[in-house]
>>> print(open('entry-v1.cif').read())   # mmCIF, C-alpha atoms and all ligand atoms
data_final
#
loop_
_atom_site.label_atom_id
_atom_site.label_comp_id
_atom_site.auth_asym_id
_atom_site.auth_seq_id
_atom_site.Cartn_x
_atom_site.Cartn_y
_atom_site.Cartn_z
CA MET A 1 -7.20 -0.64 12.25
CA PRO A 2 -9.10 -3.12 14.42
CA ALA A 3 -9.26 -6.61 12.97
CA GLU A 4 -12.59 -7.02 11.26
CA PRO A 5 -14.62 -4.83 13.68
CA ALA A 6 -18.35 -5.50 13.89
CA VAL A 7 -19.12 -1.87 13.01
CA ALA A 8 -21.91 -0.89 10.65
CA ALA A 9 -20.90 0.89 7.45
CA PRO A 10 -24.13 2.56 6.32
CA ASP A 11 -22.48 4.35 3.40
CA LEU A 12 -20.77 1.26 1.99
CA ASP A 13 -22.96 0.96 -1.11
CA ARG A 14 -22.29 4.59 -2.04
CA LEU A 15 -18.58 4.33 -1.27
CA VAL A 16 -18.18 1.17 -3.33
CA ALA A 17 -20.05 2.69 -6.28
CA GLU A 18 -17.94 5.86 -6.14
CA ALA A 19 -14.67 3.93 -5.81
CA GLU A 20 -15.54 1.69 -8.73
CA ALA A 21 -16.53 4.73 -10.80
CA LEU A 22 -13.24 6.42 -9.97
CA ILE A 23 -11.23 3.39 -11.04
CA ASP A 24 -13.23 3.23 -14.26
CA ARG A 25 -12.61 6.94 -14.85
CA ALA A 26 -8.89 6.52 -14.26
CA VAL A 27 -8.74 3.61 -16.69
CA ARG A 28 -10.63 5.57 -19.36
CA ALA A 29 -8.84 8.90 -18.95
CA HIS A 30 -5.38 7.94 -17.75
CA SER A 31 -4.32 4.61 -19.25
CA PRO A 32 -2.21 2.64 -18.91
CA ALA A 33 -3.17 2.41 -15.25
CA ALA A 34 -1.50 0.38 -12.53
CA LEU A 35 -2.59 -0.79 -9.09
CA ALA A 36 0.08 -0.86 -6.40
CA CYS A 37 -0.73 -3.80 -4.14
CA SER A 38 1.16 -4.24 -0.87
CA PHE A 39 -1.39 -6.81 0.39
CA GLY A 40 -2.72 -4.62 3.20
CA ALA A 41 -6.50 -4.61 3.73
CA GLU A 42 -7.05 -1.51 1.57
CA ASP A 43 -5.10 -2.96 -1.34
CA MET A 44 -7.01 -6.23 -1.05
CA VAL A 45 -10.25 -4.25 -1.38
CA LEU A 46 -8.95 -2.57 -4.53
CA LEU A 47 -7.65 -5.85 -5.91
CA ASP A 48 -11.10 -7.34 -5.41
CA MET A 49 -12.76 -4.38 -7.15
CA VAL A 50 -10.41 -4.61 -10.12
CA ALA A 51 -10.93 -8.37 -10.34
CA ARG A 52 -14.73 -8.15 -10.16
CA ALA A 53 -14.85 -5.42 -12.82
CA LYS A 54 -12.17 -7.10 -14.96
CA SER A 55 -10.56 -3.66 -15.20
CA PRO A 56 -7.59 -3.41 -17.56
CA VAL A 57 -5.25 -2.41 -14.75
CA ALA A 58 -1.69 -3.67 -14.35
CA VAL A 59 -1.52 -5.00 -10.78
CA PHE A 60 1.92 -5.06 -9.24
CA THR A 61 3.64 -5.56 -5.91
CA LEU A 62 7.11 -4.60 -4.71
CA ASP A 63 8.94 -7.41 -2.95
CA THR A 64 11.61 -5.64 -0.93
CA GLY A 65 13.11 -8.93 0.24
CA ARG A 66 12.25 -8.02 3.84
CA LEU A 67 8.50 -8.71 3.90
CA PRO A 68 6.80 -10.68 6.70
CA GLN A 69 5.99 -14.34 6.09
CA GLU A 70 2.29 -13.47 6.51
CA THR A 71 2.49 -11.18 3.46
CA TYR A 72 4.10 -13.90 1.35
CA ASP A 73 1.37 -16.27 2.50
CA LEU A 74 -1.30 -13.80 1.37
CA MET A 75 0.44 -13.33 -1.98
CA GLN A 76 0.04 -17.04 -2.59
CA THR A 77 -3.59 -16.99 -1.43
CA ALA A 78 -4.36 -14.03 -3.68
CA ARG A 79 -2.78 -15.80 -6.65
CA ALA A 80 -5.30 -18.62 -6.23
CA ARG A 81 -8.27 -16.41 -5.37
CA PHE A 82 -7.80 -13.85 -8.17
CA ARG A 83 -6.84 -16.16 -11.01
CA GLY A 84 -8.02 -13.67 -13.60
CA VAL A 85 -5.56 -11.02 -12.42
CA ALA A 86 -1.85 -11.25 -13.19
CA ILE A 87 -0.11 -9.81 -10.13
CA GLU A 88 3.42 -8.93 -11.23
CA THR A 89 6.15 -8.92 -8.57
CA TYR A 90 9.08 -6.54 -8.89
CA PHE A 91 12.32 -6.86 -6.96
CA PRO A 92 15.05 -4.31 -6.12
CA ASN A 93 18.21 -4.11 -8.15
CA ALA A 94 20.44 -6.83 -6.65
CA ALA A 95 23.67 -4.85 -7.05
CA SER A 96 22.14 -1.84 -5.27
CA VAL A 97 21.01 -3.98 -2.33
CA GLU A 98 24.43 -5.60 -2.13
CA SER A 99 26.11 -2.19 -2.13
CA TYR A 100 23.79 -0.85 0.61
CA VAL A 101 24.37 -3.88 2.82
CA ARG A 102 28.13 -3.76 2.23
CA GLU A 103 28.29 -0.09 3.31
CA ASN A 104 25.68 -0.03 6.09
CA GLY A 105 24.94 -3.55 7.21
CA VAL A 106 21.81 -5.56 6.62
CA ASN A 107 19.89 -3.57 9.26
CA GLY A 108 21.58 -0.21 8.66
CA PHE A 109 18.20 1.47 8.39
CA TYR A 110 17.92 1.61 12.19
CA ASP A 111 20.96 3.90 12.44
CA SER A 112 19.47 7.14 11.03
CA VAL A 113 16.54 8.55 9.07
CA ASN A 114 18.91 9.08 6.16
CA LEU A 115 19.98 5.43 6.08
CA ARG A 116 16.37 4.33 6.46
CA GLU A 117 15.34 6.50 3.52
CA ARG A 118 18.24 5.17 1.46
CA CYS A 119 17.15 1.60 2.17
CA CYS A 120 13.59 2.47 1.10
CA ALA A 121 15.01 4.15 -2.00
CA VAL A 122 16.89 1.01 -2.99
CA ARG A 123 14.28 -1.57 -2.04
CA LYS A 124 11.09 0.36 -2.92
CA ILE A 125 11.50 3.60 -4.84
CA GLU A 126 13.78 2.42 -7.65
CA PRO A 127 11.57 -0.61 -8.43
CA LEU A 128 8.46 1.60 -8.21
CA LYS A 129 9.86 4.05 -10.74
CA ARG A 130 10.69 1.14 -13.02
CA VAL A 131 7.10 -0.11 -12.80
CA LEU A 132 5.50 3.28 -13.26
CA ALA A 133 7.60 4.31 -16.25
CA GLY A 134 5.18 4.75 -19.14
CA LYS A 135 2.07 4.55 -16.94
CA LYS A 136 -0.44 7.43 -16.90
CA SER A 137 -1.98 6.69 -13.51
CA TRP A 138 -1.49 4.51 -10.46
CA ILE A 139 -4.17 3.43 -8.06
CA THR A 140 -3.34 3.30 -4.35
CA GLY A 141 -5.11 2.35 -1.12
CA LEU A 142 -4.31 5.61 0.68
CA ARG A 143 -6.93 6.84 3.15
CA ARG A 144 -7.07 10.25 4.82
CA GLU A 145 -7.57 8.93 8.33
CA GLN A 146 -4.47 6.69 8.21
CA SER A 147 -2.10 9.41 9.43
CA ALA A 148 -1.34 13.11 9.60
CA THR A 149 0.79 12.79 6.46
CA ARG A 150 -2.24 11.51 4.53
CA SER A 151 -5.00 13.75 5.90
CA ALA A 152 -5.26 15.92 2.79
CA ILE A 153 -5.04 13.41 -0.03
CA ALA A 154 -7.45 13.92 -2.93
CA PRO A 155 -9.18 11.10 -4.85
CA ILE A 156 -7.06 12.09 -7.86
CA GLU A 157 -3.95 14.18 -7.62
CA TRP A 158 -0.92 14.87 -9.74
CA ASP A 159 2.09 12.90 -8.58
CA ALA A 160 4.91 15.17 -9.65
CA ALA A 161 7.62 12.82 -8.41
CA ASN A 162 6.47 10.06 -10.74
CA GLY A 163 4.87 12.17 -13.49
CA LEU A 164 1.39 10.62 -13.49
CA GLN A 165 -2.00 10.81 -11.82
CA LYS A 166 -2.29 9.17 -8.41
CA VAL A 167 -5.75 7.76 -7.80
CA SER A 168 -6.96 6.96 -4.27
CA PRO A 169 -10.48 5.48 -4.47
CA LEU A 170 -10.55 4.83 -0.71
CA ALA A 171 -9.47 8.35 0.34
CA GLU A 172 -12.76 8.95 2.15
CA TRP A 173 -13.13 5.42 3.61
CA SER A 174 -12.97 4.63 7.32
CA ASP A 175 -11.54 1.49 8.94
CA ALA A 176 -15.08 0.19 9.35
CA ASP A 177 -15.81 0.73 5.65
CA VAL A 178 -12.74 -1.28 4.65
CA TRP A 179 -13.61 -4.18 6.93
CA ALA A 180 -17.28 -4.09 5.96
CA TYR A 181 -16.20 -4.50 2.33
CA VAL A 182 -13.86 -7.35 3.29
CA LYS A 183 -16.71 -9.10 5.05
CA ARG A 184 -19.30 -8.51 2.32
CA PHE A 185 -17.09 -9.81 -0.49
CA ASP A 186 -15.19 -12.40 1.58
CA VAL A 187 -11.83 -10.86 0.68
CA PRO A 188 -8.71 -12.60 2.07
CA THR A 189 -6.55 -10.42 4.31
CA ASN A 190 -3.13 -10.45 5.93
CA ALA A 191 -3.01 -12.49 9.16
CA LEU A 192 -0.99 -9.69 10.78
CA HIS A 193 -4.11 -7.49 10.86
CA ARG A 194 -5.48 -9.93 13.43
CA LYS A 195 -2.33 -9.51 15.52
CA GLY A 196 -2.56 -5.73 15.92
CA TYR A 197 -0.89 -4.57 12.72
CA PRO A 198 -3.11 -1.97 11.00
CA SER A 199 -0.38 -1.02 8.52
CA ILE A 200 2.03 -3.63 7.16
CA GLY A 201 5.35 -3.05 5.49
CA CYS A 202 8.76 -4.67 5.81
CA ALA A 203 9.10 -7.02 8.78
CA PRO A 204 11.98 -5.24 10.58
CA CYS A 205 10.29 -1.83 10.21
CA THR A 206 6.75 -2.68 11.32
CA ARG A 207 5.32 -3.51 14.74
CA ALA A 208 1.86 -3.97 16.21
CA VAL A 209 0.15 -0.87 17.68
CA GLU A 210 -2.07 -0.28 20.70
CA PRO A 211 -5.75 0.53 20.05
CA HIS A 212 -5.27 4.20 20.97
CA GLU A 213 -2.28 4.69 18.64
CA ASP A 214 -2.20 6.19 15.14
CA PRO A 215 -2.73 3.41 12.55
CA ARG A 216 0.74 4.04 11.13
CA ALA A 217 2.47 4.34 14.50
CA GLY A 218 3.93 0.88 13.98
CA ARG A 219 5.80 1.89 10.83
CA TRP A 220 9.40 3.04 11.54
CA TRP A 221 8.25 3.46 15.14
CA TRP A 222 11.67 4.68 16.26
CA GLU A 223 11.35 7.86 14.13
CA ASN A 224 9.27 11.04 14.57
CA ALA A 225 5.73 10.75 13.19
CA ASP A 226 6.33 13.38 10.50
CA THR A 227 9.07 11.32 8.80
CA ARG A 228 7.11 8.08 8.64
CA GLU A 229 6.68 7.74 4.89
CA CYS A 230 8.93 5.66 2.69
CA GLY A 231 8.94 8.05 -0.28
CA LEU A 232 6.33 6.12 -2.25
CA HIS A 233 3.77 8.78 -1.40
CA PRO A 234 5.28 12.28 -1.22
CA ARG A 235 2.70 15.07 -1.01
CA ALA A 236 1.22 16.00 -4.39
CA LYS A 237 -1.00 18.70 -5.86
CA ALA A 238 -4.69 18.12 -6.55
CA GLY A 239 -5.28 17.33 -10.19
CA ALA A 240 -7.87 16.09 -12.64
S1 LIG B 1 10.74 -0.40 5.23
FE1 LIG B 1 12.69 -0.87 6.27
S2 LIG B 1 13.56 -2.74 5.33
FE2 LIG B 1 11.86 -1.98 4.03
S3 LIG B 1 12.89 -0.78 2.46
FE3 LIG B 1 12.30 0.69 4.07
S4 LIG B 1 14.03 0.77 5.54
FE4 LIG B 1 14.35 -1.00 4.16
#
>>> encode(input="entry-v1.cif", output="structure tokens")
Amino acid sequence: MPAEPAVAAPDLDRLVAEAEALIDRAVRAHSPAALACSFGAEDMVLLDMVARAKSPVAVFTLDTGRLPQETYDLMQTARARFRGVAIETYFPNAASVESYVRENGVNGFYDSVNLRERCCAVRKIEPLKRVLAGKKSWITGLRREQSATRSAIAPIEWDAANGLQKVSPLAEWSDADVWAYVKRFDVPTNALHRKGYPSIGCAPCTRAVEPHEDPRAGRWWWENADTRECGLHPRAKAGA
């Protein structure tokens, strides 16, 4: 994703209206609803929508303990900007992290896909399941054009792994749409976007990408493209 490109987004009004309607529909039909916020540009758009509409959505973030300083800085900025929204932070189970590090080392995730997935399971998946327990839907910033693994996502689909509806109001949005929204509503964004990071995760597992590269090419860049998901978003079936 280019940093705040000066590209027109002629469909922005329609896209915003449809995204807001989808969030409203999710809240009405599948409550309690939660918004997963990792403080990337897409999630900041959704956070702004939820804040403007005062939607009864539980906003949460997963602090893996390995996030970039820029993400922590944005967390603090968002806390001041969106005072009406309680952004809950969830941490991994300390004993599980200690066990992983004892067995594999603090950077053991570089050694194999299996060890990388186990690290994500400890630092992301277990806390996510804890948050989503009892929820009927979760709202995510997934977009189809982000990567091959996300090219078929539906605005609402059944998330069998977590047993709830997964709602992706930005599924159809382009990079330009996201940044046009950011500009129109003066939404704060992660400083790493301006340093060539279109997709931002844990610091040791994310790098900047070249303009011609896939937007998620900087995530787990040492692996094959078809393994580059952390398990938060396994493929799901289209649903209501
Ligand atoms: S992205 Fe990297 S550091 Fe973060 S949980 Fe996954 S493997 Fe661990």
>>> residues_near_ligand(input="entry-v1.cif", ligand="ligand LIG 1 (chain B)", cutoff="9 Å", atoms="all atoms listed in the file", output="PyMOL selection string")
chain A and resi 64-67+106-110+113+115-125+201-206+219-220+230
>>> residues_near_point(input="entry-v1.cif", point="(-1.7, -7.0, -11.7)", cutoff="6 Å", atoms="all atoms listed in the file", output="list in words")
Ala58, Val59, Phe60, Val85, Ala86, Ile87 and Glu88 of chain A
>>> write_last_selection(input="entry-v1.cif", atoms="C-alpha atoms", output="PDB file, in the coordinates of the input")
ATOM      1  CA  ALA A  58      -1.690  -3.670 -14.350  1.00  0.00           C
ATOM      2  CA  VAL A  59      -1.520  -5.000 -10.780  1.00  0.00           C
ATOM      3  CA  PHE A  60       1.920  -5.060  -9.240  1.00  0.00           C
ATOM      4  CA  VAL A  85      -5.560 -11.020 -12.420  1.00  0.00           C
ATOM      5  CA  ALA A  86      -1.850 -11.250 -13.190  1.00  0.00           C
ATOM      6  CA  ILE A  87      -0.110  -9.810 -10.130  1.00  0.00           C
ATOM      7  CA  GLU A  88       3.420  -8.930 -11.230  1.00  0.00           C
TER       8      GLU A  88
END
>>> closest_residue(input="entry-v1.cif", among="A:Ala80, A:Leu47, A:Leu12, A:Val131", to="A:Ser174", atoms="only C-alpha atoms")
A:Leu12
>>> residues_around(input="entry-v1.cif", residues="A:Tyr72", least_positions_apart="6", cutoff="10 Å", atoms="only C-alpha atoms", output="list in words")
Phe39, Asp63, Ala78 and Asn190 of chain A
>>> closest_residue(input="entry-v1.cif", among="A:Ala94, A:Leu170, A:Cys37, A:Leu164", to="A:Glu18", atoms="only C-alpha atoms")
A:Leu170
>>> closest_residue(input="entry-v1.cif", among="A:Ala41, A:Val16, A:Asp48, A:Ala9", to="A:Ala191", atoms="only C-alpha atoms")
A:Ala41
>>> closest_residue(input="entry-v1.cif", among="A:Gly141, A:Pro188, A:Gly196, A:Pro56", to="A:His30", atoms="all atoms listed in the file")
A:Pro56
>>> closest_residue(input="entry-v1.cif", among="A:Ala36, A:Ala217, A:Val27, A:Leu15", to="A:Ile139", atoms="all atoms listed in the file")
A:Ala36
>>> closest_residue(input="entry-v1.cif", among="A:Pro32, A:Gly105, A:Gly84, A:Pro169", to="A:Leu46", atoms="only C-alpha atoms")
A:Pro169
>>> decode(input="entry-v1.cif", residues="stretch 14-30 of chain A", atoms="N, CA, C and O atoms", output="mmCIF file, in the first residue's frame")
data_model
loop_
_atom_site.group_PDB
_atom_site.id
_atom_site.type_symbol
_atom_site.label_atom_id
_atom_site.label_comp_id
_atom_site.auth_asym_id
_atom_site.auth_seq_id
_atom_site.Cartn_x
_atom_site.Cartn_y
_atom_site.Cartn_z
ATOM 1 N N ARG A 14 -20.158 5.605 -1.808
ATOM 2 C CA ARG A 14 -20.909 4.341 -1.830
ATOM 3 C C ARG A 14 -20.251 3.302 -0.927
ATOM 4 O O ARG A 14 -20.935 2.635 -0.143
ATOM 5 N N LEU A 15 -18.941 3.192 -1.023
ATOM 6 C CA LEU A 15 -18.233 2.193 -0.217
ATOM 7 C C LEU A 15 -18.396 2.455 1.280
ATOM 8 O O LEU A 15 -18.577 1.521 2.073
ATOM 9 N N VAL A 16 -18.310 3.713 1.663
ATOM 10 C CA VAL A 16 -18.457 4.051 3.079
ATOM 11 C C VAL A 16 -19.873 3.714 3.551
ATOM 12 O O VAL A 16 -20.066 3.110 4.613
ATOM 13 N N ALA A 17 -20.863 4.086 2.734
ATOM 14 C CA ALA A 17 -22.255 3.810 3.115
ATOM 15 C C ALA A 17 -22.488 2.311 3.252
ATOM 16 O O ALA A 17 -23.139 1.850 4.205
ATOM 17 N N GLU A 18 -21.944 1.529 2.315
ATOM 18 C CA GLU A 18 -22.136 0.076 2.363
ATOM 19 C C GLU A 18 -21.404 -0.539 3.559
ATOM 20 O O GLU A 18 -21.918 -1.449 4.217
ATOM 21 N N ALA A 19 -20.194 -0.049 3.825
ATOM 22 C CA ALA A 19 -19.439 -0.586 4.968
ATOM 23 C C ALA A 19 -20.152 -0.270 6.283
ATOM 24 O O ALA A 19 -20.260 -1.135 7.160
ATOM 25 N N GLU A 20 -20.627 0.942 6.398
ATOM 26 C CA GLU A 20 -21.338 1.324 7.623
ATOM 27 C C GLU A 20 -22.620 0.499 7.787
ATOM 28 O O GLU A 20 -22.963 0.081 8.899
ATOM 29 N N ALA A 21 -23.309 0.265 6.655
ATOM 30 C CA ALA A 21 -24.536 -0.538 6.711
ATOM 31 C C ALA A 21 -24.225 -1.979 7.112
ATOM 32 O O ALA A 21 -24.995 -2.607 7.861
ATOM 33 N N LEU A 22 -23.107 -2.484 6.635
ATOM 34 C CA LEU A 22 -22.731 -3.866 6.970
ATOM 35 C C LEU A 22 -22.387 -3.987 8.464
ATOM 36 O O LEU A 22 -22.776 -4.969 9.118
ATOM 37 N N ILE A 23 -21.688 -3.014 8.981
ATOM 38 C CA ILE A 23 -21.377 -3.038 10.418
ATOM 39 C C ILE A 23 -22.672 -2.971 11.223
ATOM 40 O O ILE A 23 -22.858 -3.715 12.199
ATOM 41 N N ASP A 24 -23.583 -2.103 10.796
ATOM 42 C CA ASP A 24 -24.863 -1.978 11.496
ATOM 43 C C ASP A 24 -25.634 -3.298 11.436
ATOM 44 O O ASP A 24 -26.209 -3.741 12.439
ATOM 45 N N ARG A 25 -25.600 -3.939 10.272
ATOM 46 C CA ARG A 25 -26.296 -5.220 10.112
ATOM 47 C C ARG A 25 -25.688 -6.285 11.020
ATOM 48 O O ARG A 25 -26.392 -7.083 11.641
ATOM 49 N N ALA A 26 -24.363 -6.290 11.091
ATOM 50 C CA ALA A 26 -23.689 -7.276 11.941
ATOM 51 C C ALA A 26 -24.062 -7.063 13.406
ATOM 52 O O ALA A 26 -24.321 -8.026 14.150
ATOM 53 N N VAL A 27 -24.095 -5.790 13.813
ATOM 54 C CA VAL A 27 -24.430 -5.485 15.208
ATOM 55 C C VAL A 27 -25.861 -5.924 15.525
ATOM 56 O O VAL A 27 -26.144 -6.478 16.593
ATOM 57 N N ARG A 28 -26.777 -5.667 14.570
ATOM 58 C CA ARG A 28 -28.179 -6.013 14.804
ATOM 59 C C ARG A 28 -28.431 -7.520 14.772
ATOM 60 O O ARG A 28 -29.211 -8.042 15.566
ATOM 61 N N ALA A 29 -27.789 -8.204 13.834
ATOM 62 C CA ALA A 29 -28.096 -9.624 13.618
ATOM 63 C C ALA A 29 -27.164 -10.567 14.356
ATOM 64 O O ALA A 29 -27.526 -11.725 14.623
ATOM 65 N N HIS A 30 -25.965 -10.117 14.667
ATOM 66 C CA HIS A 30 -24.966 -11.036 15.226
ATOM 67 C C HIS A 30 -24.237 -10.406 16.412
ATOM 68 O O HIS A 30 -23.008 -10.267 16.411
#
